[in-house]
>>> print(open('data07.csv').read())   # CSV, all heavy atoms
chain,number,residue,atom,x,y,z
G,1,MET,N,265.4,173.4,97.5
G,1,MET,CA,265.3,174.5,96.7
G,1,MET,C,266.3,175.6,97.1
G,1,MET,O,266.4,175.9,98.3
G,1,MET,CB,263.9,175.1,96.9
G,1,MET,CG,262.9,174.9,95.8
G,1,MET,SD,261.3,175.4,96.2
G,1,MET,CE,261.1,176.7,95.0
G,2,ASN,N,267.0,176.0,96.1
G,2,ASN,CA,268.0,177.1,96.4
G,2,ASN,C,267.4,178.5,96.1
G,2,ASN,O,266.3,178.6,95.5
G,2,ASN,CB,269.3,176.8,95.7
G,2,ASN,CG,269.2,176.8,94.2
G,2,ASN,OD1,268.2,177.1,93.7
G,2,ASN,ND2,270.3,176.3,93.6
G,3,GLY,N,268.1,179.5,96.4
G,3,GLY,CA,267.6,180.8,96.2
G,3,GLY,C,267.4,181.3,94.8
G,3,GLY,O,266.4,181.9,94.5
G,4,ILE,N,268.3,180.8,93.9
G,4,ILE,CA,268.1,181.3,92.5
G,4,ILE,C,266.9,180.6,91.8
G,4,ILE,O,266.2,181.3,91.1
G,4,ILE,CB,269.4,180.9,91.7
G,4,ILE,CG1,270.6,181.8,92.2
G,4,ILE,CG2,269.2,181.2,90.2
G,4,ILE,CD1,271.9,181.5,91.6
G,5,SER,N,266.7,179.3,92.1
G,5,SER,CA,265.5,178.7,91.5
G,5,SER,C,264.2,179.3,92.1
G,5,SER,O,263.2,179.5,91.3
G,5,SER,CB,265.5,177.2,91.7
G,5,SER,OG,265.5,176.9,93.1
G,6,THR,N,264.2,179.6,93.3
G,6,THR,CA,263.0,180.3,93.9
G,6,THR,C,262.8,181.7,93.3
G,6,THR,O,261.7,182.0,93.0
G,6,THR,CB,263.2,180.5,95.5
G,6,THR,OG1,263.5,179.2,96.0
G,6,THR,CG2,262.0,181.1,96.1
G,7,LEU,N,263.9,182.4,93.1
G,7,LEU,CA,263.8,183.7,92.5
G,7,LEU,C,263.2,183.6,91.1
G,7,LEU,O,262.4,184.4,90.6
G,7,LEU,CB,265.1,184.4,92.5
G,7,LEU,CG,265.1,185.8,91.9
G,7,LEU,CD1,264.3,186.8,92.8
G,7,LEU,CD2,266.6,186.3,91.8
G,8,LEU,N,263.8,182.7,90.3
G,8,LEU,CA,263.3,182.5,88.9
G,8,LEU,C,261.8,182.1,88.8
G,8,LEU,O,261.1,182.6,88.0
G,8,LEU,CB,264.2,181.5,88.2
G,8,LEU,CG,265.6,181.9,87.8
G,8,LEU,CD1,266.4,180.7,87.3
G,8,LEU,CD2,265.5,183.0,86.7
G,9,ILE,N,261.4,181.2,89.7
G,9,ILE,CA,260.0,180.8,89.7
G,9,ILE,C,259.1,182.0,90.1
G,9,ILE,O,258.1,182.3,89.5
G,9,ILE,CB,259.8,179.6,90.6
G,9,ILE,CG1,260.5,178.4,90.0
G,9,ILE,CG2,258.3,179.4,90.9
G,9,ILE,CD1,260.5,177.2,90.9
G,10,PHE,N,259.6,182.8,91.1
G,10,PHE,CA,258.8,184.0,91.5
G,10,PHE,C,258.7,185.0,90.4
G,10,PHE,O,257.6,185.5,90.1
G,10,PHE,CB,259.5,184.6,92.8
G,10,PHE,CG,258.8,185.8,93.2
G,10,PHE,CD1,257.6,185.8,93.9
G,10,PHE,CD2,259.3,187.1,93.0
G,10,PHE,CE1,256.9,186.9,94.3
G,10,PHE,CE2,258.7,188.2,93.4
G,10,PHE,CZ,257.5,188.2,94.0
G,11,VAL,N,259.8,185.3,89.7
G,11,VAL,CA,259.8,186.2,88.6
G,11,VAL,C,258.9,185.7,87.5
G,11,VAL,O,258.1,186.5,86.9
G,11,VAL,CB,261.2,186.5,88.1
G,11,VAL,CG1,261.2,187.3,86.8
G,11,VAL,CG2,262.0,187.3,89.2
G,12,GLY,N,258.9,184.4,87.2
G,12,GLY,CA,258.1,183.8,86.2
G,12,GLY,C,256.6,184.0,86.5
G,12,GLY,O,255.8,184.3,85.6
G,13,LEU,N,256.2,183.7,87.8
G,13,LEU,CA,254.8,183.9,88.2
G,13,LEU,C,254.4,185.4,88.1
G,13,LEU,O,253.3,185.7,87.8
G,13,LEU,CB,254.6,183.3,89.6
G,13,LEU,CG,254.7,181.8,89.7
G,13,LEU,CD1,254.7,181.4,91.1
G,13,LEU,CD2,253.7,181.1,88.8
G,14,PHE,N,255.3,186.3,88.5
G,14,PHE,CA,255.1,187.7,88.4
G,14,PHE,C,254.8,188.1,87.0
G,14,PHE,O,253.8,188.9,86.7
G,14,PHE,CB,256.2,188.5,89.0
G,14,PHE,CG,256.0,190.0,89.0
G,14,PHE,CD1,255.2,190.6,89.9
G,14,PHE,CD2,256.7,190.7,88.0
G,14,PHE,CE1,255.0,191.9,89.9
G,14,PHE,CE2,256.5,192.1,88.0
G,14,PHE,CZ,255.7,192.7,88.9
G,15,LEU,N,255.6,187.6,86.1
G,15,LEU,CA,255.4,187.9,84.6
G,15,LEU,C,254.1,187.3,84.1
G,15,LEU,O,253.5,187.9,83.2
G,15,LEU,CB,256.6,187.5,83.8
G,15,LEU,CG,257.9,188.2,84.0
G,15,LEU,CD1,259.0,187.6,83.2
G,15,LEU,CD2,257.7,189.7,83.7
G,16,LEU,N,253.7,186.1,84.6
G,16,LEU,CA,252.5,185.6,84.2
G,16,LEU,C,251.3,186.4,84.6
G,16,LEU,O,250.3,186.6,83.9
G,16,LEU,CB,252.3,184.2,84.7
G,16,LEU,CG,252.9,183.0,83.9
G,16,LEU,CD1,252.7,181.7,84.6
G,16,LEU,CD2,252.4,183.0,82.5
G,17,GLY,N,251.4,187.0,85.8
G,17,GLY,CA,250.4,188.0,86.3
G,17,GLY,C,250.3,189.2,85.3
G,17,GLY,O,249.2,189.7,85.1
G,18,GLY,N,251.5,189.6,84.9
G,18,GLY,CA,251.5,190.7,83.9
G,18,GLY,C,250.8,190.3,82.6
G,18,GLY,O,250.2,191.2,82.0
G,19,VAL,N,251.0,189.1,82.1
G,19,VAL,CA,250.4,188.6,80.9
G,19,VAL,C,248.9,188.7,81.1
G,19,VAL,O,248.2,189.2,80.2
G,19,VAL,CB,250.9,187.2,80.6
G,19,VAL,CG1,250.0,186.6,79.5
G,19,VAL,CG2,252.3,187.2,80.1
G,20,TYR,N,248.4,188.2,82.2
G,20,TYR,CA,247.0,188.2,82.5
G,20,TYR,C,246.4,189.6,82.5
G,20,TYR,O,245.4,189.9,81.9
G,20,TYR,CB,246.7,187.5,83.8
G,20,TYR,CG,245.2,187.5,84.2
G,20,TYR,CD1,244.3,186.7,83.5
G,20,TYR,CD2,244.8,188.3,85.2
G,20,TYR,CE1,243.0,186.7,83.9
G,20,TYR,CE2,243.5,188.3,85.6
G,20,TYR,CZ,242.6,187.5,84.9
G,20,TYR,OH,241.3,187.6,85.3
G,21,SER,N,247.2,190.5,83.2
G,21,SER,CA,246.7,191.9,83.3
G,21,SER,C,246.7,192.6,81.9
G,21,SER,O,245.8,193.3,81.6
G,21,SER,CB,247.6,192.7,84.2
G,21,SER,OG,247.3,194.0,84.3
G,22,PHE,N,247.8,192.4,81.1
G,22,PHE,CA,247.8,193.0,79.8
G,22,PHE,C,246.8,192.5,78.9
G,22,PHE,O,246.2,193.2,78.0
G,22,PHE,CB,249.2,192.9,79.2
G,22,PHE,CG,250.2,193.8,79.8
G,22,PHE,CD1,250.0,194.7,80.8
G,22,PHE,CD2,251.5,193.7,79.3
G,22,PHE,CE1,250.9,195.5,81.3
G,22,PHE,CE2,252.5,194.6,79.8
G,22,PHE,CZ,252.2,195.5,80.8
G,23,ALA,N,246.4,191.2,79.0
G,23,ALA,CA,245.4,190.6,78.2
G,23,ALA,C,244.0,191.2,78.5
G,23,ALA,O,243.2,191.5,77.7
G,23,ALA,CB,245.4,189.1,78.3
G,24,LYS,N,243.8,191.5,79.8
G,24,LYS,CA,242.5,192.1,80.2
G,24,LYS,C,242.4,193.5,79.8
G,24,LYS,O,241.3,194.0,79.5
G,24,LYS,CB,242.4,192.0,81.8
G,24,LYS,CG,242.0,190.7,82.3
G,24,LYS,CD,241.6,190.7,83.7
G,24,LYS,CE,240.3,191.4,83.9
G,24,LYS,NZ,239.7,191.1,85.2
G,25,GLN,N,243.6,194.2,79.7
G,25,GLN,CA,243.6,195.6,79.2
G,25,GLN,C,243.6,195.7,77.7
G,25,GLN,O,243.6,196.8,77.2
G,25,GLN,CB,244.8,196.3,79.8
G,25,GLN,CG,244.8,196.5,81.3
G,25,GLN,CD,246.1,197.1,81.7
G,25,GLN,OE1,246.9,197.7,81.0
G,25,GLN,NE2,246.4,197.0,83.0
G,26,LYS,N,243.6,194.6,77.0
G,26,LYS,CA,243.6,194.5,75.6
G,26,LYS,C,244.8,195.3,75.0
G,26,LYS,O,244.7,196.1,74.0
G,26,LYS,CB,242.3,195.1,75.0
G,26,LYS,CG,241.1,194.3,75.5
G,26,LYS,CD,240.0,194.4,74.5
G,26,LYS,CE,238.7,193.8,75.1
G,26,LYS,NZ,238.7,192.5,75.4
G,27,GLN,N,246.0,195.0,75.5
G,27,GLN,CA,247.3,195.5,75.0
G,27,GLN,C,247.6,194.8,73.7
G,27,GLN,O,247.0,193.9,73.3
G,27,GLN,CB,248.4,195.4,76.0
G,27,GLN,CG,248.2,196.1,77.3
G,27,GLN,CD,248.4,197.6,77.2
G,27,GLN,OE1,249.2,198.0,76.3
G,27,GLN,NE2,247.8,198.4,78.0
G,28,SER,N,248.7,195.2,73.1
G,28,SER,CA,249.1,194.6,71.8
G,28,SER,C,249.5,193.2,72.0
G,28,SER,O,250.0,192.8,73.0
G,28,SER,CB,250.2,195.4,71.2
G,28,SER,OG,251.4,195.3,71.9
G,29,LYS,N,249.2,192.4,71.0
G,29,LYS,CA,249.4,190.9,71.0
G,29,LYS,C,250.9,190.6,71.1
G,29,LYS,O,251.4,189.7,71.7
G,29,LYS,CB,248.8,190.2,69.9
G,29,LYS,CG,247.3,190.3,69.8
G,29,LYS,CD,246.7,189.6,70.9
G,29,LYS,CE,245.1,189.7,70.8
G,29,LYS,NZ,244.5,189.3,72.0
G,30,SER,N,251.7,191.5,70.4
G,30,SER,CA,253.2,191.2,70.4
G,30,SER,C,253.8,191.4,71.8
G,30,SER,O,254.7,190.7,72.2
G,30,SER,CB,253.9,192.1,69.4
G,30,SER,OG,253.7,193.5,69.7
G,31,LEU,N,253.3,192.4,72.5
G,31,LEU,CA,253.8,192.7,73.9
G,31,LEU,C,253.4,191.5,74.8
G,31,LEU,O,254.2,191.0,75.6
G,31,LEU,CB,253.2,194.0,74.4
G,31,LEU,CG,253.5,194.3,75.8
G,31,LEU,CD1,255.0,194.6,75.9
G,31,LEU,CD2,252.8,195.5,76.3
G,32,ILE,N,252.2,191.0,74.7
G,32,ILE,CA,251.7,189.9,75.5
G,32,ILE,C,252.5,188.6,75.1
G,32,ILE,O,252.9,187.9,76.0
G,32,ILE,CB,250.2,189.7,75.3
G,32,ILE,CG1,249.4,190.8,75.8
G,32,ILE,CG2,249.7,188.4,75.9
G,32,ILE,CD1,247.9,190.8,75.5
G,33,THR,N,252.8,188.4,73.8
G,33,THR,CA,253.6,187.3,73.4
G,33,THR,C,255.0,187.3,74.0
G,33,THR,O,255.5,186.3,74.5
G,33,THR,CB,253.6,187.2,71.9
G,33,THR,OG1,252.3,187.1,71.4
G,33,THR,CG2,254.4,186.0,71.4
G,34,LEU,N,255.6,188.5,73.9
G,34,LEU,CA,257.0,188.7,74.4
G,34,LEU,C,257.0,188.4,75.9
G,34,LEU,O,257.9,187.8,76.4
G,34,LEU,CB,257.5,190.1,74.1
G,34,LEU,CG,258.9,190.4,74.4
G,34,LEU,CD1,259.9,189.5,73.6
G,34,LEU,CD2,259.2,191.8,74.2
G,35,LEU,N,256.0,189.0,76.6
G,35,LEU,CA,256.0,188.8,78.1
G,35,LEU,C,255.7,187.3,78.5
G,35,LEU,O,256.3,186.8,79.4
G,35,LEU,CB,254.9,189.7,78.7
G,35,LEU,CG,254.9,190.0,80.1
G,35,LEU,CD1,256.2,190.7,80.5
G,35,LEU,CD2,253.7,190.8,80.5
G,36,SER,N,254.9,186.6,77.7
G,36,SER,CA,254.6,185.2,78.0
G,36,SER,C,255.8,184.3,77.7
G,36,SER,O,256.1,183.4,78.4
G,36,SER,CB,253.4,184.7,77.3
G,36,SER,OG,253.6,184.8,75.9
G,37,ILE,N,256.6,184.7,76.7
G,37,ILE,CA,257.8,183.9,76.4
G,37,ILE,C,258.8,184.1,77.5
G,37,ILE,O,259.4,183.1,78.0
G,37,ILE,CB,258.4,184.3,75.1
G,37,ILE,CG1,257.5,183.8,73.9
G,37,ILE,CG2,259.9,183.8,74.9
G,37,ILE,CD1,257.9,184.4,72.6
G,38,GLY,N,259.0,185.3,78.0
G,38,GLY,CA,259.9,185.6,79.1
G,38,GLY,C,259.4,184.9,80.4
G,38,GLY,O,260.3,184.3,81.1
G,39,ALA,N,258.1,184.9,80.7
G,39,ALA,CA,257.6,184.2,81.8
G,39,ALA,C,257.8,182.7,81.7
G,39,ALA,O,258.3,182.0,82.7
G,39,ALA,CB,256.1,184.4,82.0
G,40,GLY,N,257.6,182.1,80.6
G,40,GLY,CA,257.8,180.7,80.4
G,40,GLY,C,259.3,180.3,80.5
G,40,GLY,O,259.6,179.3,81.1
G,41,MET,N,260.2,181.2,80.0
G,41,MET,CA,261.6,180.9,80.2
G,41,MET,C,262.1,180.9,81.6
G,41,MET,O,262.9,180.1,82.1
G,41,MET,CB,262.4,181.8,79.3
G,41,MET,CG,262.3,181.5,77.8
G,41,MET,SD,263.1,182.8,76.8
G,41,MET,CE,264.8,182.9,77.4
G,42,CYS,N,261.6,181.9,82.4
G,42,CYS,CA,261.9,182.0,83.8
G,42,CYS,C,261.4,180.8,84.6
G,42,CYS,O,262.1,180.3,85.4
G,42,CYS,CB,261.3,183.3,84.4
G,42,CYS,SG,262.3,184.8,84.1
G,43,LEU,N,260.1,180.4,84.3
G,43,LEU,CA,259.6,179.3,85.0
G,43,LEU,C,260.3,178.0,84.7
G,43,LEU,O,260.6,177.2,85.5
G,43,LEU,CB,258.1,179.1,84.7
G,43,LEU,CG,257.2,180.1,85.4
G,43,LEU,CD1,255.8,180.0,84.8
G,43,LEU,CD2,257.2,179.9,86.9
G,44,LEU,N,260.6,177.8,83.4
G,44,LEU,CA,261.4,176.6,83.0
G,44,LEU,C,262.8,176.6,83.6
G,44,LEU,O,263.2,175.5,84.1
G,44,LEU,CB,261.4,176.6,81.5
G,44,LEU,CG,262.1,175.3,80.9
G,44,LEU,CD1,261.2,174.1,81.2
G,44,LEU,CD2,262.3,175.5,79.4
G,45,ALA,N,263.5,177.7,83.6
G,45,ALA,CA,264.8,177.7,84.2
G,45,ALA,C,264.7,177.5,85.7
G,45,ALA,O,265.6,176.8,86.2
G,45,ALA,CB,265.4,179.1,83.9
G,46,GLY,N,263.7,178.0,86.4
G,46,GLY,CA,263.6,177.8,87.8
G,46,GLY,C,263.3,176.3,88.1
G,46,GLY,O,263.9,175.8,89.1
G,47,VAL,N,262.5,175.7,87.3
G,47,VAL,CA,262.1,174.3,87.5
G,47,VAL,C,263.3,173.4,87.2
G,47,VAL,O,263.6,172.4,88.0
G,47,VAL,CB,260.9,173.9,86.7
G,47,VAL,CG1,260.7,172.4,86.7
G,47,VAL,CG2,259.7,174.6,87.3
G,48,VAL,N,264.1,173.7,86.2
G,48,VAL,CA,265.2,172.9,85.8
G,48,VAL,C,266.3,173.0,86.9
G,48,VAL,O,267.0,172.0,87.1
G,48,VAL,CB,265.7,173.3,84.4
G,48,VAL,CG1,267.1,172.7,84.1
G,48,VAL,CG2,264.8,172.9,83.3
G,49,ARG,N,266.5,174.2,87.5
G,49,ARG,CA,267.5,174.3,88.5
G,49,ARG,C,267.2,173.7,89.9
G,49,ARG,O,268.0,173.7,90.8
G,49,ARG,CB,267.8,175.8,88.7
G,49,ARG,CG,268.5,176.5,87.6
G,49,ARG,CD,269.0,177.9,88.0
G,49,ARG,NE,269.7,177.9,89.2
G,49,ARG,CZ,271.1,177.8,89.3
G,49,ARG,NH1,271.8,177.7,88.2
G,49,ARG,NH2,271.7,177.9,90.4
G,50,LEU,N,266.0,173.2,90.0
G,50,LEU,CA,265.6,172.6,91.3
G,50,LEU,C,266.5,171.4,91.6
G,50,LEU,O,267.0,170.7,90.7
G,50,LEU,CB,264.2,172.1,91.3
G,50,LEU,CG,263.1,173.2,91.3
G,50,LEU,CD1,261.7,172.6,91.2
G,50,LEU,CD2,263.2,174.0,92.6
G,51,GLU,N,266.8,171.2,92.9
G,51,GLU,CA,267.7,170.1,93.3
G,51,GLU,C,267.0,168.7,93.3
G,51,GLU,O,267.7,167.7,93.4
G,51,GLU,CB,268.2,170.4,94.7
G,51,GLU,CG,268.9,171.7,94.8
G,51,GLU,CD,270.3,171.6,94.2
G,51,GLU,OE1,270.9,170.5,94.2
G,51,GLU,OE2,270.8,172.7,93.8
G,52,VAL,N,265.7,168.6,93.1
G,52,VAL,CA,265.0,167.4,93.2
G,52,VAL,C,265.4,166.5,92.0
G,52,VAL,O,265.1,165.3,92.0
G,52,VAL,CB,263.5,167.5,93.3
G,52,VAL,CG1,263.2,168.3,94.6
G,52,VAL,CG2,263.0,168.3,92.1
G,53,TRP,N,265.9,167.0,90.9
G,53,TRP,CA,266.2,166.2,89.7
G,53,TRP,C,267.4,165.3,89.9
G,53,TRP,O,267.6,164.4,89.1
G,53,TRP,CB,266.3,167.1,88.5
G,53,TRP,CG,265.2,168.0,88.3
G,53,TRP,CD1,265.2,169.3,88.4
G,53,TRP,CD2,263.8,167.6,88.0
G,53,TRP,NE1,263.9,169.8,88.2
G,53,TRP,CE2,263.1,168.8,87.9
G,53,TRP,CE3,263.1,166.4,87.9
G,53,TRP,CZ2,261.7,168.8,87.7
G,53,TRP,CZ3,261.8,166.4,87.6
G,53,TRP,CH2,261.1,167.6,87.5
G,54,ASN,N,268.3,165.7,90.8
G,54,ASN,CA,269.5,164.9,91.0
G,54,ASN,C,269.4,163.7,91.8
G,54,ASN,O,268.7,163.7,92.8
G,54,ASN,CB,270.6,165.8,91.6
G,54,ASN,CG,271.0,166.9,90.7
G,54,ASN,OD1,270.9,166.8,89.5
G,54,ASN,ND2,271.5,168.0,91.2
>>> encode(input="data07.csv", output="structure tokens")
Amino acid sequence: MNGISTLLIFVGLFLLGGVYSFAKQKQSKSLITLLSIGAGMCLLAGVVRLEVWN
């Protein structure tokens, strides 16, 4: 695991925590959707950048 993939996975998990928090606070659905898309993209990019695939 290199530093960038670790950072991307960490940011993605942080954003997922924000999605959970905003959903509990009953924030707007568009904000939750936008945040979840960003979290998914960060997690996907972090997993794709892992060295185990080579």
>>> atom_distance(input="data07.csv", atom1="atom CD1 of G:Ile32", atom2="atom C of G:Gly18")
7.7 Å
>>> atom_distance(input="data07.csv", atom1="atom CD1 of G:Leu15", atom2="atom O of G:Leu50")
20.1 Å
>>> closest_residue(input="data07.csv", among="G:Phe22, G:Ser28, G:Thr6, G:Gly17", to="G:Leu44", atoms="only C-alpha atoms")
G:Thr6
>>> atom_distance(input="data07.csv", atom1="atom SG of G:Cys42", atom2="atom CZ of G:Phe10")
11.5 Å
>>> select_by_dssp(input="data07.csv", residues="chain G", states="alpha helix (DSSP H)", output="PyMOL selection string")
chain G and resi 3-24+29-48
>>> closest_residue(input="data07.csv", among="G:Leu16, G:Ala23, G:Ile4, G:Val52", to="G:Gly40", atoms="all atoms listed in the file")
G:Leu16
>>> closest_residue(input="data07.csv", among="G:Gly3, G:Arg49, G:Val11, G:Val19", to="G:Leu34", atoms="only C-alpha atoms")
G:Val19
>>> closest_residue(input="data07.csv", among="G:Gln27, G:Ser5, G:Ser21, G:Thr33", to="G:Val48", atoms="only C-alpha atoms")
G:Ser5
>>> decode(input="data07.csv", residues="stretch 38-49 of chain G", atoms="N, CA and C atoms", output="mmCIF file, in the first residue's frame")
data_model
loop_
_atom_site.group_PDB
_atom_site.id
_atom_site.type_symbol
_atom_site.label_atom_id
_atom_site.label_comp_id
_atom_site.auth_asym_id
_atom_site.auth_seq_id
_atom_site.Cartn_x
_atom_site.Cartn_y
_atom_site.Cartn_z
ATOM 1 N N GLY G 38 -18.963 11.366 -3.971
ATOM 2 C CA GLY G 38 -17.563 11.696 -3.699
ATOM 3 C C GLY G 38 -16.879 10.631 -2.872
ATOM 4 N N ALA G 39 -17.586 10.097 -1.875
ATOM 5 C CA ALA G 39 -17.009 9.041 -1.042
ATOM 6 C C ALA G 39 -16.760 7.786 -1.864
ATOM 7 N N GLY G 40 -17.703 7.435 -2.709
ATOM 8 C CA GLY G 40 -17.533 6.252 -3.553
ATOM 9 C C GLY G 40 -16.376 6.400 -4.520
ATOM 10 N N MET G 41 -16.230 7.588 -5.090
ATOM 11 C CA MET G 41 -15.127 7.815 -6.019
ATOM 12 C C MET G 41 -13.779 7.744 -5.310
ATOM 13 N N CYS G 42 -13.682 8.300 -4.102
ATOM 14 C CA CYS G 42 -12.426 8.227 -3.345
ATOM 15 C C CYS G 42 -12.094 6.786 -2.985
ATOM 16 N N LEU G 43 -13.084 6.027 -2.513
ATOM 17 C CA LEU G 43 -12.832 4.637 -2.159
ATOM 18 C C LEU G 43 -12.441 3.816 -3.375
ATOM 19 N N LEU G 44 -13.129 4.024 -4.484
ATOM 20 C CA LEU G 44 -12.818 3.277 -5.698
ATOM 21 C C LEU G 44 -11.420 3.611 -6.206
ATOM 22 N N ALA G 45 -11.061 4.895 -6.193
ATOM 23 C CA ALA G 45 -9.724 5.286 -6.641
ATOM 24 C C ALA G 45 -8.645 4.724 -5.724
ATOM 25 N N GLY G 46 -8.902 4.708 -4.425
ATOM 26 C CA GLY G 46 -7.927 4.153 -3.498
ATOM 27 C C GLY G 46 -7.738 2.659 -3.680
ATOM 28 N N VAL G 47 -8.823 1.942 -3.930
ATOM 29 C CA VAL G 47 -8.728 0.493 -4.122
ATOM 30 C C VAL G 47 -8.049 0.171 -5.450
ATOM 31 N N VAL G 48 -8.351 0.939 -6.490
ATOM 32 C CA VAL G 48 -7.744 0.696 -7.799
ATOM 33 C C VAL G 48 -6.240 0.965 -7.761
ATOM 34 N N ARG G 49 -5.811 1.939 -6.956
ATOM 35 C CA ARG G 49 -4.391 2.280 -6.884
ATOM 36 C C ARG G 49 -3.569 1.322 -6.031
#
